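Colleague: Can you keep this structure in mind? I'll have questions shortly.
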Amino acid sequence: MPNRDLQGILESHFEWFHRRPELSNQEHETTAHIREILEAAGIEILDVPLKTGLVARLKGSISEGPVVALRSDIDALSITEVSQSPYPSEHPGVMHACGHDFHLTSLLGAAVLLQKERDTLPGAIKLLFQPAEEGGNGAQQVLDSGVLDDVQEIYGLHTSAEHESGIIAVSPGAVNAAVGAFRILLHGKGGHAALPHFCLDPIPAAAQIISAAQTIVSRTISPFDQAVLSITHIEAGTTWNVIPPEALLEGTIRTFNTERLSEVSEQLEKLARGIGENMGLKVEYSWQINTVATNNDPLLSGFVADTARNLGFTVVPAVPSMGGEDFALYQQRIPGAFWTIGVGSPQALHHPGFTADPAALSTAAELMAALGVAALRRMADNPERAL
Ligand SMILES: [Zn+2]
Ligand SMILES: [Zn+2]
């Protein structure tokens, strides 16, 4: 049963945030408004060295006790909104197309619910409003601040366009991929297009690398494993009658297994060097891992499913996504589970038509609050089960 009072409040907060999306590390207005809402509710805000984003805390009367973190992200994307929303973005070229406005509003709802039973909490709950999830090192900034050092379990949520509004989806293991980015620069020798024999043309090498790269996933990865290799940016030359001196290729590799990610990159590097050097070019290869794969603790993902069912919500297995999610960085240090909630969007995440159904806000808020309370009680009753 949706909590009607809470739902009304959350819908008006959601409208405010949806109208005012801000890019990664620039979420100043968003942070200020979250702070205002929490302060008005009498919730403690911790002094954490973050430029944007914030961490609030609800602490019970027992001074020593377990600590659980509930996490939302808060940033938006460089997308011009073309959605059915009755209150579209008022910031040109910026849009909450990944539903982070939905996440943070749900966490505000959880804060209000938890505040009502704060005194009975057998420990503390940290509410993490994380900046810069969309490629701005937000999770790393939070980890570096040390604010999660005393946290024993962490839970995060994401909207799911695939599921009907209010459906909870959660599974053990990896649900979001490890993501890496590569850059291949081919150095040749430019010159007149009529005199190719005096040049070292990087374009035929680039074309061969693009075609051959497609065999890495199809021919070297087990059909039971998943990997994506996409070349997304090619650049060479400026006009029709000059052979360019250089060609650039950029792209991404994604897998559900973080070690496999580096193996695919090594294969791509070998292939690019082989083709390029055989054609007399100098090959520069650079690679960086943007995020590791999420890794849901099986006990904790089961705990999310049980808690959601106890609240009367429908629970289904998660749909794995090749999209990256920096919640994975927390899970490298803290056992945690990342779950999704259906928002019945007509379009996928990161699409200009993505529209989250606000009717699911109170469900997300109630589940987040319940997870915090139930995790604290489980750990307080049974300290050796601090997973
Ligand atoms: Zn996103
Ligand atoms: Zn997202």
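Identifiers for the structure tokens are assigned positionally: chains receive A, B, ... in sequence, residues are indexed from 1 per chain, and ligands are indexed from 1 in the order shown.
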List as CSV every residue of chain A that is in contact with ligand 1, defined as an atom at most 7 Å from one of its atoms (using only C-alpha atoms and all ligand atoms), together with the nearest atom pair and the distance in Å rounded to one decimal, sorted by chain and then rising number.

Modeller:
```
residue,atom,partner,partner_atom_place_in_ligand_line,distance
A:Cys98,CA,ligand 1,1 (Zn),4.5
A:Glu134,CA,ligand 1,1 (Zn),5.6
A:Leu349,CA,ligand 1,1 (Zn),6.7
A:His350,CA,ligand 1,1 (Zn),6.1
```

Colleague: Based on the selection just made, write C-alpha atoms of those residues as a short mmCIF file (atom, residue, chain, number, x, y, z; two decimals), in the first residue's frame.

Modeller:
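File written: part_16.cif
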```
data_model
loop_
_atom_site.label_atom_id
_atom_site.label_comp_id
_atom_site.auth_asym_id
_atom_site.auth_seq_id
_atom_site.Cartn_x
_atom_site.Cartn_y
_atom_site.Cartn_z
CA CYS A 98 19.36 8.39 -15.46
CA GLU A 134 28.19 9.80 -14.35
CA LEU A 349 18.03 5.29 -19.31
CA HIS A 350 20.20 8.03 -20.89
#
```

Colleague: Using only C-alpha atoms, determine which residues lie at most 12 Å from Leu107 of chain A, disregarding the query and same-chain residues fewer than 2 positions distant; provide the list as a count of residues only.

Modeller: 48

Colleague: DSSP on the backbone: which residues in segment 200-268 of chain A end up as helix (DSSP H, G or I)? Give the answer as JSON, numbers by chain.

Modeller: {"A": [202, 203, 204, 205, 206, 207, 208, 209, 210, 211, 212, 213, 214, 215, 216, 217, 218, 219, 220, 258, 259, 260, 261, 262, 263, 264, 265, 266, 267, 268]}

Colleague: For the selection you just gave me, I'd like the residues written to a file as a short mmCIF file (atom, residue, chain, number, x, y, z; two decimals), in the first residue's frame, keeping N, CA, C and O atoms.

Modeller:
```
data_model
loop_
_atom_site.label_atom_id
_atom_site.label_comp_id
_atom_site.auth_asym_id
_atom_site.auth_seq_id
_atom_site.Cartn_x
_atom_site.Cartn_y
_atom_site.Cartn_z
N PRO A 202 47.94 6.02 -42.17
CA PRO A 202 47.37 5.32 -41.00
C PRO A 202 45.93 4.85 -41.23
O PRO A 202 45.41 4.06 -40.44
N ILE A 203 45.27 5.30 -42.32
CA ILE A 203 43.84 5.00 -42.47
C ILE A 203 43.57 3.52 -42.77
O ILE A 203 42.70 2.91 -42.13
N PRO A 204 44.30 2.89 -43.71
CA PRO A 204 44.03 1.45 -43.92
C PRO A 204 44.27 0.63 -42.66
O PRO A 204 43.54 -0.32 -42.38
N ALA A 205 45.27 1.02 -41.86
CA ALA A 205 45.53 0.29 -40.60
C ALA A 205 44.36 0.48 -39.65
O ALA A 205 43.89 -0.48 -39.02
N ALA A 206 43.86 1.72 -39.57
CA ALA A 206 42.72 1.98 -38.67
C ALA A 206 41.53 1.13 -39.10
O ALA A 206 40.85 0.52 -38.26
N ALA A 207 41.29 1.06 -40.42
CA ALA A 207 40.15 0.28 -40.92
C ALA A 207 40.32 -1.20 -40.57
O ALA A 207 39.36 -1.85 -40.13
N GLN A 208 41.53 -1.71 -40.71
CA GLN A 208 41.75 -3.14 -40.38
C GLN A 208 41.59 -3.39 -38.90
O GLN A 208 41.06 -4.42 -38.48
N ILE A 209 42.06 -2.46 -38.08
CA ILE A 209 41.92 -2.63 -36.62
C ILE A 209 40.44 -2.65 -36.24
O ILE A 209 39.99 -3.49 -35.46
N ILE A 210 39.66 -1.76 -36.84
CA ILE A 210 38.22 -1.69 -36.53
C ILE A 210 37.54 -3.03 -36.86
O ILE A 210 36.79 -3.58 -36.05
N SER A 211 37.85 -3.57 -38.05
CA SER A 211 37.21 -4.85 -38.43
C SER A 211 37.71 -5.98 -37.55
O SER A 211 36.91 -6.77 -37.04
N ALA A 212 39.03 -6.05 -37.37
CA ALA A 212 39.58 -7.19 -36.61
C ALA A 212 39.16 -7.15 -35.15
O ALA A 212 39.01 -8.21 -34.52
N ALA A 213 38.96 -5.96 -34.61
CA ALA A 213 38.60 -5.86 -33.19
C ALA A 213 37.28 -6.59 -32.90
O ALA A 213 37.06 -7.09 -31.80
N GLN A 214 36.43 -6.68 -33.92
CA GLN A 214 35.14 -7.35 -33.72
C GLN A 214 35.29 -8.85 -33.50
O GLN A 214 34.38 -9.51 -33.01
N THR A 215 36.46 -9.40 -33.87
CA THR A 215 36.65 -10.85 -33.66
C THR A 215 37.07 -11.15 -32.22
O THR A 215 37.05 -12.29 -31.81
N ILE A 216 37.47 -10.13 -31.46
CA ILE A 216 37.93 -10.42 -30.09
C ILE A 216 36.78 -10.99 -29.28
O ILE A 216 36.90 -12.07 -28.68
N VAL A 217 35.65 -10.31 -29.27
CA VAL A 217 34.52 -10.82 -28.48
C VAL A 217 33.95 -12.10 -29.10
O VAL A 217 33.71 -13.09 -28.41
N SER A 218 33.78 -12.09 -30.42
CA SER A 218 33.09 -13.24 -31.03
C SER A 218 33.97 -14.50 -31.09
O SER A 218 33.44 -15.60 -31.11
N ARG A 219 35.30 -14.35 -31.11
CA ARG A 219 36.18 -15.51 -31.29
C ARG A 219 37.03 -15.87 -30.08
O ARG A 219 37.63 -16.93 -30.06
N THR A 220 37.15 -14.98 -29.11
CA THR A 220 38.06 -15.31 -28.00
C THR A 220 37.36 -15.35 -26.65
O THR A 220 37.94 -15.80 -25.68
N THR A 258 35.81 -8.24 -13.72
CA THR A 258 36.79 -7.16 -13.82
C THR A 258 38.12 -7.65 -14.38
O THR A 258 38.78 -6.93 -15.14
N GLU A 259 38.55 -8.90 -14.04
CA GLU A 259 39.84 -9.40 -14.58
C GLU A 259 39.74 -9.58 -16.10
O GLU A 259 40.67 -9.31 -16.85
N ARG A 260 38.57 -10.06 -16.54
CA ARG A 260 38.36 -10.29 -17.97
C ARG A 260 38.50 -8.98 -18.76
O ARG A 260 38.99 -8.96 -19.88
N LEU A 261 38.11 -7.88 -18.12
CA LEU A 261 38.17 -6.57 -18.78
C LEU A 261 39.60 -6.28 -19.24
O LEU A 261 39.83 -5.89 -20.39
N SER A 262 40.57 -6.48 -18.36
CA SER A 262 41.96 -6.18 -18.72
C SER A 262 42.47 -7.17 -19.76
O SER A 262 43.27 -6.81 -20.62
N GLU A 263 42.00 -8.42 -19.70
CA GLU A 263 42.42 -9.41 -20.72
C GLU A 263 41.97 -8.96 -22.10
O GLU A 263 42.71 -9.05 -23.08
N VAL A 264 40.73 -8.47 -22.21
CA VAL A 264 40.22 -8.03 -23.52
C VAL A 264 41.04 -6.84 -24.01
O VAL A 264 41.40 -6.75 -25.18
N SER A 265 41.36 -5.94 -23.08
CA SER A 265 42.18 -4.78 -23.46
C SER A 265 43.55 -5.23 -23.97
O SER A 265 44.06 -4.71 -24.97
N GLU A 266 44.16 -6.22 -23.28
CA GLU A 266 45.48 -6.70 -23.73
C GLU A 266 45.39 -7.29 -25.14
O GLU A 266 46.28 -7.10 -25.97
N GLN A 267 44.29 -8.01 -25.41
CA GLN A 267 44.13 -8.59 -26.75
C GLN A 267 43.99 -7.49 -27.80
O GLN A 267 44.56 -7.57 -28.88
N LEU A 268 43.24 -6.45 -27.47
CA LEU A 268 43.04 -5.36 -28.41
C LEU A 268 44.37 -4.64 -28.67
O LEU A 268 44.71 -4.31 -29.81
#
```

Colleague: Would you please work out which residue, of A:Pro122, A:Asp149, A:Gln226, A:Glu39, is nearest to Arg377 of chain A when using only C-alpha atoms?

Modeller: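 The shortest atom-to-atom distance to Arg377 of chain A comes from A:Pro122.
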
Colleague: Tell me which protein, DNA and RNA residues are within 12 Å of Val304 of chain A, counting only C-alpha atoms, leaving out same-chain ones fewer than 6 positions away, and put them as a PyMOL selection string.

Modeller: chain A and resi 153-157+168-172+296-298+310-311+313-318+336-341+364+367-375
